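Below you'll find the structure, written out as structure tokens, and then a few comments.
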Protein chains: 2
Amino acid sequence: MRPESRKQEIINAAAILFKEKGYSAVTMRDLAKAMGIKAASLYNHIQSKQEILSTIIIDLAEEFTTGMNQIANSDQNAIQKLQNIINLHIDVTLRNSDGLASLNNDWMHLEEENLQYFEKMRHEYEESFRNIVYKGVDKGDIKSYNIEIMVFSTLSTLRTLYLWYPKQKNIDADILKRDMMSVLLKGIV
Amino acid sequence: MRPESRKQEIINAAAILFKEKGYSAVTMRDLAKAMGIKAASLYNHIQSKQEILSTIIIDLAEEFTTGMNQIANSDQNAIQKLQNIINLHIDVTLRNSDGLASLNNDWMHLEEENLQYFEKMRHEYEESFRNIVYKGVDKGDIKSYNIEIMVFSTLSTLRTLYLWYPKQKNIDADILKRDMMSVLLKGIV
């Protein structure tokens with residue numbers, strides 16, 4: 001197996017353990033045991049538990065940042081941009097719900113530089129989201145409710161999708177995208 | 001001070017500590033210190049940390065259960081019932097966001113009987129919510145999107161309100177109720 005794939009395999013196994021027990025409670029020994037290898041072998045691929053955590057979280061945060069920047073800088077209207085943001089969250093959730101659990105539960109365990117980088121990305125993400133809504137209200141594409149309430153309502157649902165969707169057996173990804181989009185943008189009444 | 005008020009004071013102080021450090025990390029000694037009293041004095045009012053946690057969480061869960069039962073059994077239509085559920089969540093959040101943090105973060109630390117009782121109440125709450133949406137779809141009051149997606153979208157926002165609202169400085173309770181209601185029911189577009 002290529003070293004890169006091996007590293008990815010370690011990261012995936014770690015994300016599952018972090019989700020089950022929380023970052024702080026997981027040891028490198030637990031991780032080695034879960035993978036059926038010796039703890040010493042882990043260190044051929046990664047330096048520390050912190051390196052694993054930051055790889056999981058920073059990769060995801062950068063994916064959201066890149067996605068958001070593309071969306072925000074496009075010449076689409078606010079509604080189309082929100083649709084693309086909803087799709088971005090659903091796509092990332094479908095692909096990596098274990099990683100999102102680490103991001104949501106354990107971001108505060110990132111160490112100094114990565115913690116600052118993460119918080120900066122999260123802040124900028126929210127700012128871009130807020131700006132899209134703000135401009136949409138300004139142009140009349142979006143209703144003129146309190147901006148913070150609209151941003152919170154939408155993001156709180158998208159950000160907890162990773163907890164809920166993996167437990168659903170009867171909702172396929174197409175239905176999820178179609179109905180989530182309608183519910184979040186046009187409401188249920 | 002009446003014993004009951006003293007107990008409530010202990011519970012309120014504990015909810016803040018649980019929110020900051022997590023239930024597992026808080027000791028009775030920490031709690032006594034935060035209140036500026038001796039640990040031994042705490043035991044005149046409560047038996048254990050577990051008793052505090054279960055009081056916080058079971059009281060809240062019973063409040064939601066009672067509220068939901070009244071709403072579900074009324075002869076209002078689905079839209080009015082959903083409006084009342086949204087108001088119920090906002091009212092509880094305004095009154096006790098620290099307690100809701102314990103409920104959301106630490107319910108899994110409840111011990112056997114209380115854990116079962118809590119999980120039963122949570123399950124029945126979700127069932128009642130689902131039923132209201134289901135009947136609303138059936139009668140044409142609510143759009144016929146996937147029921148689970150509508151329940152999740154609404155509840156995920158209401159259940160994370162306790163995290164977001166205390167940080168908002170410029171949104172008063174009336175605006176919150178009015179705009180949250182509109183956003184969740186009628187959407188933002």
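Going through the structure tokens in order, the chains are called A, B, and so on, while each chain numbers its residues from 1 and the ligands are numbered from 1 in the order shown.
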Exercise answer, chain A residues close to chain B, 10 Å and only C-alpha atoms, as a PyMOL selection string: chain A and resi 78-79+133+136-137+140-161+164-165+168+170-171+175-180+182-189
message: When DSSP is applied to the backbone of this structure, which of chain B are assigned helix (DSSP H, G or I)? Write them out as number ranges by chain.
response: B: 3-21, 23-25, 28-35, 39-42, 49-73, 78-95, 97-109, 112-139, 147-167, 173-186
- prompt: If we count only C-alpha atoms, what is near Ala14 in chain B at a cut-off of 10 Å, once residues fewer than 2 positions away on the same chain are taken out, given as a PyMOL selection string?
  reply: chain B and resi 8-12+16-20+23+26-28+30-32+34-35+49+52-53+56+98-99+102
field: Exercise: Thr66 in chain A partners within 12 Å, only C-alpha atoms, chain neighbours under 2 positions left out, as a VMD selection string
entry: chain A and resid 58 to 64 68 to 73 85 88 121 to 122 124 to 125 128
- line: One decimal place gives the CA of Lys21 in chain A-CA of Asn104 in chain A separation as 13.7 Å
